[in-house]
Structures are given as C-alpha cells and as structure tokens.
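*Asks:* Can you read through this structure? Questions will come right after.
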Amino acid sequence: MKISVQPEDFDVGLEIKNISRNNSIGAVASFVGLVRDVAMTLEHYPGMTERAIAKIVDEAKSRWQVIDCAVIHRYGALQPNDQIVMVAVASGHRGDAFAACEFIMDFLKTQAPFWKKEQTAEGASWVEAKAADDKAAERWK
Amino acid sequence: MKISVQPEDFDVGLEIKNISRNNSIGAVASFVGLVRDVAMTLEHYPGMTERAIAKIVDEAKSRWQVIDCAVIHRYGALQPNDQIVMVAVASGHRGDAFAACEFIMDFLKTQAPFWKKEQTAEGASWVEAKAADDKAAERWK
Amino acid sequence: MKVKVLYFASIREKLGRDAEELDLPADVATIAALRSHLRTRGGAWADALAEGRLLRAAVNQDMAQPAAAIKAGDEVAFFPPVTGG
Amino acid sequence: MKVKVLYFASIREKLGRDAEELDLPADVATIAALRSHLRTRGGAWADALAEGRLLRAAVNQDMAQPAAAIKAGDEVAFFPPVTGG
C-alpha cells in the first residue's frame with residue numbers, strides 16, 4: 001500500500017510492477033490524470049491530504065478485494081501534458097480492480113484537499129469545483 | 001491506436017506514455033491481466049484475434065471519447081505472475097477512459113478467440129469459460 | 001462448394017485436426033448444417049460436435065450464429081467458448 | 001479556548017493569511033459559529049466567509065460539517081471545494 005503526495009513526477013509502469021509481485025494478483029486497474037492545455041499550480045493541505053487519501057483507500061478495501069494499491073498525487077507547478085495523479089489497484093479479479101480504482105479517483109476529486117490554479121494568458125485563476133465530480137462520487141452510495 | 005497479439009512481454013508504462021502525448025488528453029485508464037498461480041499456454045486464432053479486438057475497440061470508440069488506445073494480448077507459454085493482456089485508453093475525461101477500458105476488457109473476455117490451457121501437477125487442462133464473463137459483457141447492452 | 005474449416009483448442013485436440021478443405025453438398029449451407037454434417041463422421045466427431053456441447057463458430061473470422069450462411073470460399077471455424085483476457 | 005485556524009487556496013488569498021492561533025469565546029463551539037465569528041472582522045473576512053459562499057471545512061484534518069464541534073487544541077481549516085485529481 002503506497003500513498004504519496006509529492007512534487008516529483010512518477011513512473012506508472014514501475015508502480016504497477018511494484019503492486020503486481022504476487023501470484024494471487026490477476027488484475028491491475030490503473031488511472032493517470034494529466035494536465036491538459038493550461039499550466040497550473042496545485043496547492044494542498046499537507047498532512048490532511050495523505051490522511052484523506054488513506055481514508056478513501058480504506059473505504060475501497062472494505063468494499064472490494066484490494067490486494068495492493070498505489071496512489072500518488074503531485075502538487076506544485078505543472079505544465080501541459082504533465083502527470084498529476086495516479087491510482088493503481090491490484091486484485092484477484094478485474095471487476096474489483098476496476099471498481100476500486102474508479103472509486104478512489106472519484107473520491108479523490110471531492111474529498112482530498114487539493115486546489116488547482118490555472119495560468120492562462122489573462123492571468124491566474126482558481127479552478128471551480130465541478131458538479132459532475134460530486135455526482136460521480138455520489139453514485140457509489 | 002495500437003493492437004498487438006504477440007508472444008513477447010510488454011511494458012505497460014511505455015504504452016501508457018505512448019498514448020498520452022497530446023494536450024487534449026486528461027485521463028488514461030488502463031488494465032493489466034496477469035497469470036495467477038498456474039502456468040498456462042494460450043492458443044489463439046491468428047487473424048481473427050486482431051480483427052475481433054479491432055471491432056471491440058471500434059465499438060468502444062462509438063460509445064465514448066477515445067483519443068487513443070493500446071491493446072496487447074500475449075499467446076504461447078506463460079508462467080505465474082506473467083502479464084497476459086493490457087488495455088489502455090486515453091481520453092479527455094476520466095469517466096470515458098474508465099468505461100471504454102472496462103468495456104474493451106469485458107468484450108475481449110467473451111469475443112476474442114483465445115483459449116487457456118493450464119498446466120497443473122495433475123496434467124494440462126483447458127480452462128472453462130465463466131458465466132460471470134458473459135454477464136460482465138451483457139451489462140453494456 | 002469448397003470451404004476451409006478450422007478447429008481450435010479442446011475441439012482441435014479431440015478431433016486431432018486443426019484445419020481441412022471440404023467440398024460440401026449444396027444443402028450444407030449454414031454453420032448448424034455443417035456441424036451436423038461433420039457429426040456424421042462418427043467417433044470423435046460425433047462426440048466433440050455433439051448438440052449438447054457449448055461451441056462457438058466463426059465465418060471469415062467473425063463470430064457467427066448457428067443459422068449463419070456459409071458460401072463457397074468461406075473460412076469457417078469451430079471452437080469452445082473463449083477464455084482469454 | 002485556543003485553536004489553530006488554517007486557510008487554503010482562494011480563501012487564503014482573499015484573507016491574505018494562511019494560518020493563525022485564536023483564543024475563542026466559549027460560545028464559538030462549532031464550525032458554523034467560528035465562521036460567523038470570523039465574519040465579524042468585516043472587510044475581506046465578511047466577504048470570503050459570507051453565508052452564500054460554498055466553503056468546506058476540516059477539523060483535525062478530517063472533512064467536517066458546519067455543525068461539527070470544535071474543542072481546545074483543535075486544528076480547524078477553511079477552504080473552497082477541492083479540485084485535485
């Protein structure tokens with residue numbers, strides 16, 4: 001189980017390998033979120049961030065078979081096409097791996113204290129939270 | 001768009017990178033299937049396999065925003081913990097990436113002509129298709 | 001009517017054959033008809049292709065239902081339900 | 001009752017402050033009460049913490065509802081809805 005909040009980039013392939021070293025694992029689902037067209041700075045709440053992610057992961061483990069998982073979220077200045085976040089879940093079964101991975105991402109979006117500030121030509125502006133993200137999290141209830 | 005049916009191992013991290021080089025991509029969902037405890041040989045139907053996968057990918061593209069994707073399936077002799085299959089889908093949005101990736105995996109399981117023969121201590125035996133796999137594919141209708 | 005027939009996995013092993021060229025009578029014009037036609041060979045053929053067995057088929061490398069038509073030059077395949085992924 | 005209060009993102013910028021130690025009156029014992037208490041400072045405080053604004057709060061690094069209790073020694077945080085991932 002790895003949870004990391006860091007400014008450095010990460011290697012998804014390596015993280016997937018690290019959680020796959022076990023013959024009971026038949027399925028690894030993963031997700032990478034990337035910066036699209038606009039550079040941004042990600043602020044977070046040190047301490048609470050790791051704690052919020054750990055709670056989301058624990059909730060996922062109580063719902064599905066999660067043999068191992070890795071969650072990495074970056075903060076600081078990020079450029080277009082940079083990786084922002086990754087979630088990888090290893091399980092015996094693909095249904096569990098997919099569900100737990102998507103669940104963790106949906107809750108990261110609404111429960112983990114990160115805030116994006118975009119740098120556009122007109123200046124910097126805070127990204128507004130999306131109603132679609134609340135909806136995505138609500139459907140797991 | 002990459003579809004490959006091959007005996008060689010693959011590098012998931014590299015494949016994810018290859019389909020992520022585009023500023024309109026905000027989300028990459030991926031899946032890796034691994035051999036669990038029992039060594040096996042995978043037989044396939046050359047020609048039809050690639051064709052069946054291409055049809056599944058086309059169907060996914062008609063349903064969700066798929067900017068790029070990679071599907072690799074191995075055949076031949078595989079040992080415990082070896083990688084069997086990977087699907088990675090790049091999209092602007094995470095909901096589309098997850099749905100398309102899971103859809104492709106579910107249909108691979110029921111529509112792509114591969115057959116597993118396991119080598120147990122008691123000898124070799126063909127793996128039986130699972131009703132759960134038919135169900136997983138049916139829920140997309 | 002000449003067709004090519006392929007067999008895979010457990011079917012291939014039971015029949016001891018992975019492919020053959022056949023010249024079919026005109027009335028053997030669907031997957032289902034070809035399957036019963038092959039069963040008349042008896043022995044392993046009657047067993048491996050028995051009605052009760054769950055089999056899949058493809059015509060020209062596309063999954064096909066029992067009622068699917070077969071025409072001259074087609075590549076037909078019989079195999080068990082797939083188990084990849 | 002002494003507590004630590006943290007501000008993040010747009011709230012932090014509007015208030016020009018990221019953290020402070022406060023000694024609260026005994027009747028300021030919930031998130032909602034602390035929020036109105038801070039609004040009485042007026043200016044940017046009245047604006048950034050106005051009732052109509054969508055704000056989130058945490059007590060001791062756990063997301064907390066407006067009615068959540070605050071006790072001495074707590075770390076309380078105010079911030080806008082999160083936008084990570």
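Labeling convention for the structure tokens: chains A, B, ... as they appear, residues from 1 per chain, ligands from 1 in order of appearance.
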With a distance threshold of 9 Å and counting only C-alpha atoms, extract the residues of chain B near chain C and express them as a count of residues only.
*Replies:* 33
*Asks:* As a CSV table (one decimal) with N, CA and C atoms, in the first residue's frame, please: chain B after a least-squares superposition onto chain A using all C-alpha atoms matched in order.
*Replies:*
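Result file is out.csv:
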```
chain,number,residue,atom,x,y,z
B,1,MET,N,0.9,-1.2,0.0
B,1,MET,CA,0.0,0.0,0.0
B,1,MET,C,0.9,1.2,0.0
B,2,LYS,N,0.8,2.0,-1.0
B,2,LYS,CA,1.7,3.2,-1.1
B,2,LYS,C,0.8,4.4,-1.3
B,3,ILE,N,1.0,5.4,-0.5
B,3,ILE,CA,0.3,6.7,-0.7
B,3,ILE,C,1.4,7.8,-0.6
B,4,SER,N,1.5,8.6,-1.7
B,4,SER,CA,2.5,9.6,-1.7
B,4,SER,C,1.9,10.9,-2.3
B,5,VAL,N,2.2,12.0,-1.6
B,5,VAL,CA,1.9,13.4,-2.1
B,5,VAL,C,3.2,14.1,-2.2
B,6,GLN,N,3.5,14.4,-3.5
B,6,GLN,CA,4.9,14.8,-3.8
B,6,GLN,C,4.9,15.8,-5.0
B,7,PRO,N,6.0,16.7,-5.0
B,7,PRO,CA,6.1,17.5,-6.2
B,7,PRO,C,6.7,16.8,-7.4
B,8,GLU,N,7.4,15.7,-7.2
B,8,GLU,CA,8.2,15.0,-8.2
B,8,GLU,C,7.2,14.2,-9.1
B,9,ASP,N,7.6,14.0,-10.4
B,9,ASP,CA,6.9,13.1,-11.3
B,9,ASP,C,7.0,11.7,-10.8
B,10,PHE,N,6.2,10.8,-11.4
B,10,PHE,CA,6.2,9.4,-11.0
B,10,PHE,C,6.2,8.5,-12.3
B,11,ASP,N,6.5,7.2,-12.1
B,11,ASP,CA,6.6,6.2,-13.1
B,11,ASP,C,5.5,5.2,-13.0
B,12,VAL,N,4.4,5.4,-13.7
B,12,VAL,CA,3.2,4.5,-13.6
B,12,VAL,C,3.6,3.0,-13.8
B,13,GLY,N,4.4,2.7,-14.8
B,13,GLY,CA,4.8,1.4,-15.1
B,13,GLY,C,5.5,0.7,-13.9
B,14,LEU,N,6.4,1.5,-13.3
B,14,LEU,CA,7.1,0.9,-12.1
B,14,LEU,C,6.1,0.7,-10.9
B,15,GLU,N,5.2,1.6,-10.7
B,15,GLU,CA,4.2,1.5,-9.6
B,15,GLU,C,3.3,0.3,-9.8
B,16,ILE,N,2.9,0.1,-11.1
B,16,ILE,CA,2.1,-1.1,-11.4
B,16,ILE,C,2.9,-2.4,-11.1
B,17,LYS,N,4.1,-2.4,-11.6
B,17,LYS,CA,5.0,-3.6,-11.3
B,17,LYS,C,5.1,-3.8,-9.8
B,18,ASN,N,5.3,-2.8,-9.1
B,18,ASN,CA,5.6,-2.9,-7.6
B,18,ASN,C,4.4,-3.5,-6.9
B,19,ILE,N,3.1,-3.3,-7.4
B,19,ILE,CA,2.0,-3.8,-6.7
B,19,ILE,C,1.5,-5.2,-7.3
B,20,SER,N,2.3,-5.7,-8.3
B,20,SER,CA,1.9,-6.9,-9.0
B,20,SER,C,2.7,-8.1,-8.7
B,21,ARG,N,3.6,-8.0,-7.8
B,21,ARG,CA,4.5,-9.1,-7.5
B,21,ARG,C,3.9,-10.1,-6.5
B,22,ASN,N,2.9,-10.8,-7.0
B,22,ASN,CA,2.2,-11.8,-6.1
B,22,ASN,C,1.3,-12.6,-6.9
B,23,ASN,N,1.4,-13.9,-6.8
B,23,ASN,CA,0.7,-14.8,-7.7
B,23,ASN,C,-0.8,-14.9,-7.4
B,24,SER,N,-1.3,-14.2,-6.4
B,24,SER,CA,-2.7,-14.2,-6.2
B,24,SER,C,-3.3,-13.0,-7.0
B,25,ILE,N,-2.5,-12.2,-7.6
B,25,ILE,CA,-3.0,-11.0,-8.3
B,25,ILE,C,-3.2,-11.3,-9.8
B,26,GLY,N,-4.4,-11.2,-10.2
B,26,GLY,CA,-4.8,-11.5,-11.6
B,26,GLY,C,-5.1,-10.2,-12.4
B,27,ALA,N,-5.3,-9.1,-11.7
B,27,ALA,CA,-5.8,-7.9,-12.3
B,27,ALA,C,-5.3,-6.6,-11.7
B,28,VAL,N,-4.8,-5.7,-12.5
B,28,VAL,CA,-4.4,-4.4,-12.0
B,28,VAL,C,-5.0,-3.4,-12.9
B,29,ALA,N,-5.9,-2.6,-12.2
B,29,ALA,CA,-6.5,-1.4,-12.9
B,29,ALA,C,-5.8,-0.2,-12.5
B,30,SER,N,-5.6,0.7,-13.4
B,30,SER,CA,-4.9,2.0,-13.0
B,30,SER,C,-5.4,3.2,-13.8
B,31,PHE,N,-5.1,4.3,-13.3
B,31,PHE,CA,-5.5,5.6,-13.8
B,31,PHE,C,-4.4,6.6,-13.7
B,32,VAL,N,-4.3,7.4,-14.8
B,32,VAL,CA,-3.4,8.5,-14.7
B,32,VAL,C,-4.1,9.8,-15.1
B,33,GLY,N,-4.1,10.8,-14.3
B,33,GLY,CA,-4.6,12.1,-14.7
B,33,GLY,C,-3.5,13.0,-15.2
B,34,LEU,N,-3.8,13.8,-16.3
B,34,LEU,CA,-2.7,14.6,-16.9
B,34,LEU,C,-3.2,16.1,-17.0
B,35,VAL,N,-2.3,17.0,-17.0
B,35,VAL,CA,-2.6,18.4,-17.2
B,35,VAL,C,-3.0,18.5,-18.7
B,36,ARG,N,-4.1,19.1,-19.0
B,36,ARG,CA,-4.4,19.4,-20.4
B,36,ARG,C,-3.7,20.6,-20.9
B,37,ASP,N,-4.5,21.5,-21.5
B,37,ASP,CA,-3.8,22.6,-22.3
B,37,ASP,C,-3.2,23.7,-21.4
B,38,VAL,N,-3.6,23.8,-20.2
B,38,VAL,CA,-3.2,25.0,-19.4
B,38,VAL,C,-2.3,24.7,-18.2
B,39,ALA,N,-1.2,25.4,-18.1
B,39,ALA,CA,-0.2,25.2,-17.0
B,39,ALA,C,-1.0,25.5,-15.7
B,40,MET,N,-0.6,24.9,-14.6
B,40,MET,CA,-1.3,25.2,-13.3
B,40,MET,C,-0.3,24.9,-12.1
B,41,THR,N,-0.8,25.5,-11.0
B,41,THR,CA,-0.1,25.2,-9.7
B,41,THR,C,-1.1,24.5,-8.8
B,42,LEU,N,-0.7,23.4,-8.2
B,42,LEU,CA,-1.5,22.7,-7.3
B,42,LEU,C,-1.2,22.9,-5.9
B,43,GLU,N,-2.1,23.5,-5.1
B,43,GLU,CA,-1.9,23.7,-3.7
B,43,GLU,C,-2.5,22.5,-2.9
B,44,HIS,N,-2.0,22.2,-1.8
B,44,HIS,CA,-2.7,21.1,-1.0
B,44,HIS,C,-2.6,21.4,0.5
B,45,TYR,N,-3.1,20.6,1.3
B,45,TYR,CA,-3.2,20.8,2.8
B,45,TYR,C,-2.3,19.7,3.4
B,46,PRO,N,-1.0,20.0,3.6
B,46,PRO,CA,-0.1,18.9,4.0
B,46,PRO,C,-0.6,18.2,5.3
B,47,GLY,N,-0.5,16.9,5.3
B,47,GLY,CA,-1.0,16.2,6.5
B,47,GLY,C,-2.4,15.7,6.2
B,48,MET,N,-3.3,16.6,6.0
B,48,MET,CA,-4.7,16.2,5.7
B,48,MET,C,-4.8,15.4,4.4
B,49,THR,N,-4.0,15.8,3.4
B,49,THR,CA,-4.0,15.2,2.1
B,49,THR,C,-3.8,13.7,2.2
B,50,GLU,N,-2.7,13.3,2.8
B,50,GLU,CA,-2.3,11.9,3.0
B,50,GLU,C,-3.4,11.1,3.8
B,51,ARG,N,-3.9,11.8,4.8
B,51,ARG,CA,-5.0,11.3,5.7
B,51,ARG,C,-6.3,11.0,4.9
B,52,ALA,N,-6.6,12.0,4.1
B,52,ALA,CA,-7.9,11.9,3.3
B,52,ALA,C,-7.7,10.7,2.3
B,53,ILE,N,-6.6,10.6,1.7
B,53,ILE,CA,-6.4,9.6,0.7
B,53,ILE,C,-6.4,8.2,1.4
B,54,ALA,N,-5.8,8.1,2.5
B,54,ALA,CA,-5.8,6.8,3.3
B,54,ALA,C,-7.2,6.4,3.6
B,55,LYS,N,-8.0,7.4,4.0
B,55,LYS,CA,-9.4,7.0,4.4
B,55,LYS,C,-10.2,6.5,3.1
B,56,ILE,N,-9.9,7.1,2.0
B,56,ILE,CA,-10.6,6.7,0.7
B,56,ILE,C,-10.2,5.3,0.4
B,57,VAL,N,-8.9,5.0,0.5
B,57,VAL,CA,-8.3,3.7,0.2
B,57,VAL,C,-8.9,2.7,1.2
B,58,ASP,N,-9.0,3.0,2.5
B,58,ASP,CA,-9.6,2.1,3.4
B,58,ASP,C,-11.0,1.7,3.1
B,59,GLU,N,-11.8,2.8,2.7
B,59,GLU,CA,-13.2,2.5,2.3
B,59,GLU,C,-13.2,1.6,1.0
B,60,ALA,N,-12.3,1.8,0.1
B,60,ALA,CA,-12.3,0.9,-1.1
B,60,ALA,C,-12.0,-0.5,-0.7
B,61,LYS,N,-11.1,-0.7,0.3
B,61,LYS,CA,-10.7,-2.0,0.7
B,61,LYS,C,-11.8,-2.7,1.5
B,62,SER,N,-12.7,-1.9,2.1
B,62,SER,CA,-13.8,-2.5,2.8
B,62,SER,C,-14.9,-3.0,1.8
B,63,ARG,N,-14.9,-2.4,0.6
B,63,ARG,CA,-15.9,-2.8,-0.4
B,63,ARG,C,-15.5,-3.8,-1.4
B,64,TRP,N,-14.2,-3.8,-1.8
B,64,TRP,CA,-13.7,-4.7,-2.8
B,64,TRP,C,-12.5,-5.4,-2.4
B,65,GLN,N,-12.1,-6.5,-3.1
B,65,GLN,CA,-10.9,-7.2,-2.8
B,65,GLN,C,-9.7,-6.4,-3.4
B,66,VAL,N,-9.0,-5.7,-2.5
B,66,VAL,CA,-7.8,-4.9,-2.9
B,66,VAL,C,-6.6,-5.6,-2.3
B,67,ILE,N,-5.8,-6.2,-3.1
B,67,ILE,CA,-4.6,-6.9,-2.5
B,67,ILE,C,-3.5,-5.9,-2.3
B,68,ASP,N,-3.3,-5.0,-3.2
B,68,ASP,CA,-2.3,-3.9,-3.0
B,68,ASP,C,-2.8,-2.7,-3.8
B,69,CYS,N,-2.3,-1.5,-3.5
B,69,CYS,CA,-2.6,-0.4,-4.3
B,69,CYS,C,-1.5,0.7,-4.1
B,70,ALA,N,-1.5,1.7,-5.1
B,70,ALA,CA,-0.6,2.8,-5.0
B,70,ALA,C,-1.4,4.0,-5.5
B,71,VAL,N,-1.3,5.1,-4.7
B,71,VAL,CA,-1.9,6.4,-5.0
B,71,VAL,C,-0.8,7.5,-4.9
B,72,ILE,N,-0.6,8.2,-6.0
B,72,ILE,CA,0.4,9.3,-6.0
B,72,ILE,C,-0.3,10.5,-6.5
B,73,HIS,N,-0.1,11.6,-5.8
B,73,HIS,CA,-0.7,12.9,-6.3
B,73,HIS,C,0.4,13.9,-6.1
B,74,ARG,N,0.6,14.7,-7.2
B,74,ARG,CA,1.6,15.7,-7.2
B,74,ARG,C,1.0,17.1,-6.7
B,75,TYR,N,1.9,18.0,-6.3
B,75,TYR,CA,1.5,19.3,-6.1
B,75,TYR,C,2.6,20.2,-6.6
B,76,GLY,N,2.4,21.5,-6.6
B,76,GLY,CA,3.4,22.5,-7.1
B,76,GLY,C,3.0,22.8,-8.6
B,77,ALA,N,4.1,23.4,-9.3
B,77,ALA,CA,3.8,23.9,-10.7
B,77,ALA,C,3.9,22.7,-11.7
B,78,LEU,N,2.8,22.7,-12.5
B,78,LEU,CA,2.7,21.6,-13.5
B,78,LEU,C,2.5,22.2,-14.9
B,79,GLN,N,3.1,21.6,-15.9
B,79,GLN,CA,2.9,22.1,-17.3
B,79,GLN,C,2.0,21.2,-18.1
B,80,PRO,N,1.5,21.7,-19.2
B,80,PRO,CA,0.6,20.8,-20.0
B,80,PRO,C,1.2,19.5,-20.3
B,81,ASN,N,0.4,18.4,-20.3
B,81,ASN,CA,0.9,17.0,-20.5
B,81,ASN,C,1.6,16.4,-19.3
B,82,ASP,N,1.9,17.2,-18.2
B,82,ASP,CA,2.5,16.6,-17.0
B,82,ASP,C,1.5,15.7,-16.4
B,83,GLN,N,2.0,14.6,-15.7
B,83,GLN,CA,1.1,13.8,-14.9
B,83,GLN,C,0.8,14.5,-13.6
B,84,ILE,N,-0.5,14.3,-13.2
B,84,ILE,CA,-0.9,15.0,-11.9
B,84,ILE,C,-1.1,13.9,-10.8
B,85,VAL,N,-1.8,12.8,-11.2
B,85,VAL,CA,-2.2,11.8,-10.2
B,85,VAL,C,-2.2,10.4,-10.8
B,86,MET,N,-2.0,9.4,-10.0
B,86,MET,CA,-2.1,8.1,-10.5
B,86,MET,C,-2.7,7.2,-9.3
B,87,VAL,N,-3.6,6.3,-9.7
B,87,VAL,CA,-4.1,5.3,-8.8
B,87,VAL,C,-4.0,4.0,-9.5
B,88,ALA,N,-3.4,3.0,-8.8
B,88,ALA,CA,-3.3,1.6,-9.3
B,88,ALA,C,-3.8,0.7,-8.3
B,89,VAL,N,-4.7,-0.3,-8.6
B,89,VAL,CA,-5.2,-1.2,-7.7
B,89,VAL,C,-5.0,-2.7,-8.2
B,90,ALA,N,-4.4,-3.5,-7.4
B,90,ALA,CA,-4.2,-4.9,-7.7
B,90,ALA,C,-5.2,-5.8,-7.0
B,91,SER,N,-5.8,-6.7,-7.7
B,91,SER,CA,-6.8,-7.6,-7.1
B,91,SER,C,-6.7,-9.0,-7.7
B,92,GLY,N,-7.5,-9.9,-7.2
B,92,GLY,CA,-7.6,-11.2,-7.8
B,92,GLY,C,-8.5,-11.1,-9.1
B,93,HIS,N,-9.4,-10.2,-9.1
B,93,HIS,CA,-10.4,-10.1,-10.1
B,93,HIS,C,-10.6,-8.8,-10.7
B,94,ARG,N,-10.9,-8.7,-12.0
B,94,ARG,CA,-10.9,-7.5,-12.7
B,94,ARG,C,-12.0,-6.5,-12.3
B,95,GLY,N,-13.2,-7.1,-12.0
B,95,GLY,CA,-14.3,-6.3,-11.5
B,95,GLY,C,-13.9,-5.5,-10.3
B,96,ASP,N,-13.3,-6.1,-9.3
B,96,ASP,CA,-12.9,-5.5,-8.1
B,96,ASP,C,-11.8,-4.4,-8.4
B,97,ALA,N,-10.8,-4.7,-9.2
B,97,ALA,CA,-9.7,-3.8,-9.5
B,97,ALA,C,-10.3,-2.5,-10.2
B,98,PHE,N,-11.2,-2.7,-11.2
B,98,PHE,CA,-11.7,-1.5,-11.9
B,98,PHE,C,-12.6,-0.7,-10.9
B,99,ALA,N,-13.5,-1.3,-10.1
B,99,ALA,CA,-14.4,-0.6,-9.3
B,99,ALA,C,-13.6,0.2,-8.2
B,100,ALA,N,-12.6,-0.5,-7.6
B,100,ALA,CA,-11.9,0.2,-6.5
B,100,ALA,C,-11.1,1.3,-7.1
B,101,CYS,N,-10.5,1.2,-8.2
B,101,CYS,CA,-9.7,2.2,-8.8
B,101,CYS,C,-10.5,3.4,-9.2
B,102,GLU,N,-11.7,3.2,-9.8
B,102,GLU,CA,-12.6,4.3,-10.1
B,102,GLU,C,-13.2,5.0,-8.9
B,103,PHE,N,-13.5,4.2,-7.9
B,103,PHE,CA,-14.0,4.7,-6.6
B,103,PHE,C,-13.0,5.7,-6.0
B,104,ILE,N,-11.7,5.2,-5.9
B,104,ILE,CA,-10.7,6.0,-5.3
B,104,ILE,C,-10.5,7.3,-6.1
B,105,MET,N,-10.5,7.3,-7.4
B,105,MET,CA,-10.4,8.5,-8.2
B,105,MET,C,-11.6,9.5,-7.9
B,106,ASP,N,-12.8,8.9,-7.9
B,106,ASP,CA,-14.0,9.7,-7.8
B,106,ASP,C,-13.9,10.4,-6.4
B,107,PHE,N,-13.5,9.7,-5.4
B,107,PHE,CA,-13.4,10.4,-4.0
B,107,PHE,C,-12.2,11.3,-3.8
B,108,LEU,N,-11.1,11.0,-4.5
B,108,LEU,CA,-10.0,11.9,-4.5
B,108,LEU,C,-10.5,13.3,-5.0
B,109,LYS,N,-11.3,13.3,-6.0
B,109,LYS,CA,-11.8,14.5,-6.7
B,109,LYS,C,-12.7,15.4,-5.8
B,110,THR,N,-13.3,14.7,-4.8
B,110,THR,CA,-14.2,15.5,-3.9
B,110,THR,C,-13.8,15.6,-2.5
B,111,GLN,N,-12.9,14.7,-2.1
B,111,GLN,CA,-12.5,14.6,-0.6
B,111,GLN,C,-11.1,14.9,-0.3
B,112,ALA,N,-10.2,14.9,-1.3
B,112,ALA,CA,-8.8,15.2,-1.0
B,112,ALA,C,-8.5,16.7,-1.2
B,113,PRO,N,-7.9,17.3,-0.2
B,113,PRO,CA,-7.7,18.8,-0.2
B,113,PRO,C,-6.6,19.2,-1.2
B,114,PHE,N,-6.9,19.3,-2.4
B,114,PHE,CA,-6.0,19.9,-3.5
B,114,PHE,C,-6.8,21.0,-4.2
B,115,TRP,N,-6.1,22.0,-4.6
B,115,TRP,CA,-6.8,23.1,-5.4
B,115,TRP,C,-5.9,23.5,-6.5
B,116,LYS,N,-6.5,23.6,-7.7
B,116,LYS,CA,-5.8,23.9,-8.9
B,116,LYS,C,-5.9,25.4,-9.2
B,117,LYS,N,-4.8,26.0,-9.5
B,117,LYS,CA,-4.8,27.4,-10.0
B,117,LYS,C,-4.2,27.4,-11.4
B,118,GLU,N,-5.0,27.8,-12.4
B,118,GLU,CA,-4.5,27.8,-13.8
B,118,GLU,C,-3.9,29.1,-14.2
B,119,GLN,N,-2.8,29.0,-15.0
B,119,GLN,CA,-2.1,30.2,-15.5
B,119,GLN,C,-2.5,30.4,-17.0
B,120,THR,N,-3.5,31.2,-17.2
B,120,THR,CA,-3.9,31.5,-18.6
B,120,THR,C,-3.2,32.8,-19.0
B,121,ALA,N,-3.4,33.1,-20.3
B,121,ALA,CA,-2.8,34.3,-20.9
B,121,ALA,C,-3.4,35.5,-20.1
B,122,GLU,N,-4.6,35.4,-19.7
B,122,GLU,CA,-5.3,36.5,-18.9
B,122,GLU,C,-4.9,36.6,-17.5
B,123,GLY,N,-4.1,35.7,-17.0
B,123,GLY,CA,-3.7,35.7,-15.6
B,123,GLY,C,-4.0,34.4,-14.9
B,124,ALA,N,-3.8,34.3,-13.6
B,124,ALA,CA,-4.0,33.1,-12.9
B,124,ALA,C,-5.4,33.1,-12.3
B,125,SER,N,-6.1,31.9,-12.4
B,125,SER,CA,-7.4,31.8,-11.7
B,125,SER,C,-7.6,30.4,-11.2
B,126,TRP,N,-8.3,30.4,-10.0
B,126,TRP,CA,-8.6,29.1,-9.3
B,126,TRP,C,-9.7,28.4,-10.1
B,127,VAL,N,-9.4,27.1,-10.3
B,127,VAL,CA,-10.4,26.2,-11.0
B,127,VAL,C,-11.6,26.0,-10.0
B,128,GLU,N,-12.8,26.1,-10.6
B,128,GLU,CA,-14.0,25.9,-9.8
B,128,GLU,C,-14.3,24.4,-9.7
B,129,ALA,N,-14.8,23.9,-8.6
B,129,ALA,CA,-15.2,22.5,-8.5
B,129,ALA,C,-16.4,22.2,-9.4
B,130,LYS,N,-16.4,21.0,-9.9
B,130,LYS,CA,-17.5,20.6,-10.9
B,130,LYS,C,-18.6,19.8,-10.2
B,131,ALA,N,-19.8,20.2,-10.6
B,131,ALA,CA,-21.0,19.4,-10.1
B,131,ALA,C,-20.9,17.9,-10.5
B,132,ALA,N,-20.3,17.7,-11.7
B,132,ALA,CA,-20.1,16.4,-12.3
B,132,ALA,C,-19.3,15.5,-11.3
B,133,ASP,N,-18.3,16.1,-10.7
B,133,ASP,CA,-17.4,15.4,-9.8
B,133,ASP,C,-18.2,14.9,-8.5
B,134,ASP,N,-19.1,15.8,-8.0
B,134,ASP,CA,-19.9,15.4,-6.9
B,134,ASP,C,-20.8,14.3,-7.2
B,135,LYS,N,-21.4,14.3,-8.4
B,135,LYS,CA,-22.3,13.3,-8.9
B,135,LYS,C,-21.5,12.0,-9.0
B,136,ALA,N,-20.3,12.0,-9.6
B,136,ALA,CA,-19.5,10.8,-9.8
B,136,ALA,C,-19.3,10.1,-8.4
B,137,ALA,N,-19.0,10.9,-7.4
B,137,ALA,CA,-18.8,10.3,-6.1
B,137,ALA,C,-20.1,9.8,-5.5
B,138,GLU,N,-21.2,10.5,-5.7
B,138,GLU,CA,-22.5,10.1,-5.1
B,138,GLU,C,-23.0,8.8,-5.6
B,139,ARG,N,-22.6,8.4,-6.8
B,139,ARG,CA,-23.2,7.2,-7.3
B,139,ARG,C,-22.7,5.9,-6.6
B,140,TRP,N,-21.7,6.0,-5.8
B,140,TRP,CA,-21.1,4.9,-5.0
B,140,TRP,C,-21.9,4.6,-3.7
B,141,LYS,N,-22.8,5.5,-3.4
B,141,LYS,CA,-23.5,5.4,-2.1
B,141,LYS,C,-24.4,4.2,-2.0
```
*Asks:* Please list as a list in words every residue within 10 Å of Ala33 in chain C, counting only C-alpha atoms and excluding residues in the same chain fewer than 6 positions away.
*Replies:*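 So the residues in contact are Asp27, Arg39, Pro66, Ala67, Ala68, Ala69 and Ile70 of chain C.
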*Asks:* As a PyMOL selection string, please: all residues of range 3-112 of chain A that backbone DSSP puts in strand (DSSP E).
*Replies:* chain A and resi 3-6+27-34+40-44+68-74+76-78+83-91
*Asks:* Pick out the residues sitting within 12 Å of Glu20 in chain D, and hand them over as a ChimeraX atom specification; count only C-alpha atoms, and ignore anything fewer than 5 positions along from it in its own chain.
*Replies:* /D:2-7,12,15,38,75-78
*Asks:* Just the number, please: distance in Å from CA of Met1 in chain D to CA of Pro25 in chain D, one decimal.
*Replies:* 6.6 Å
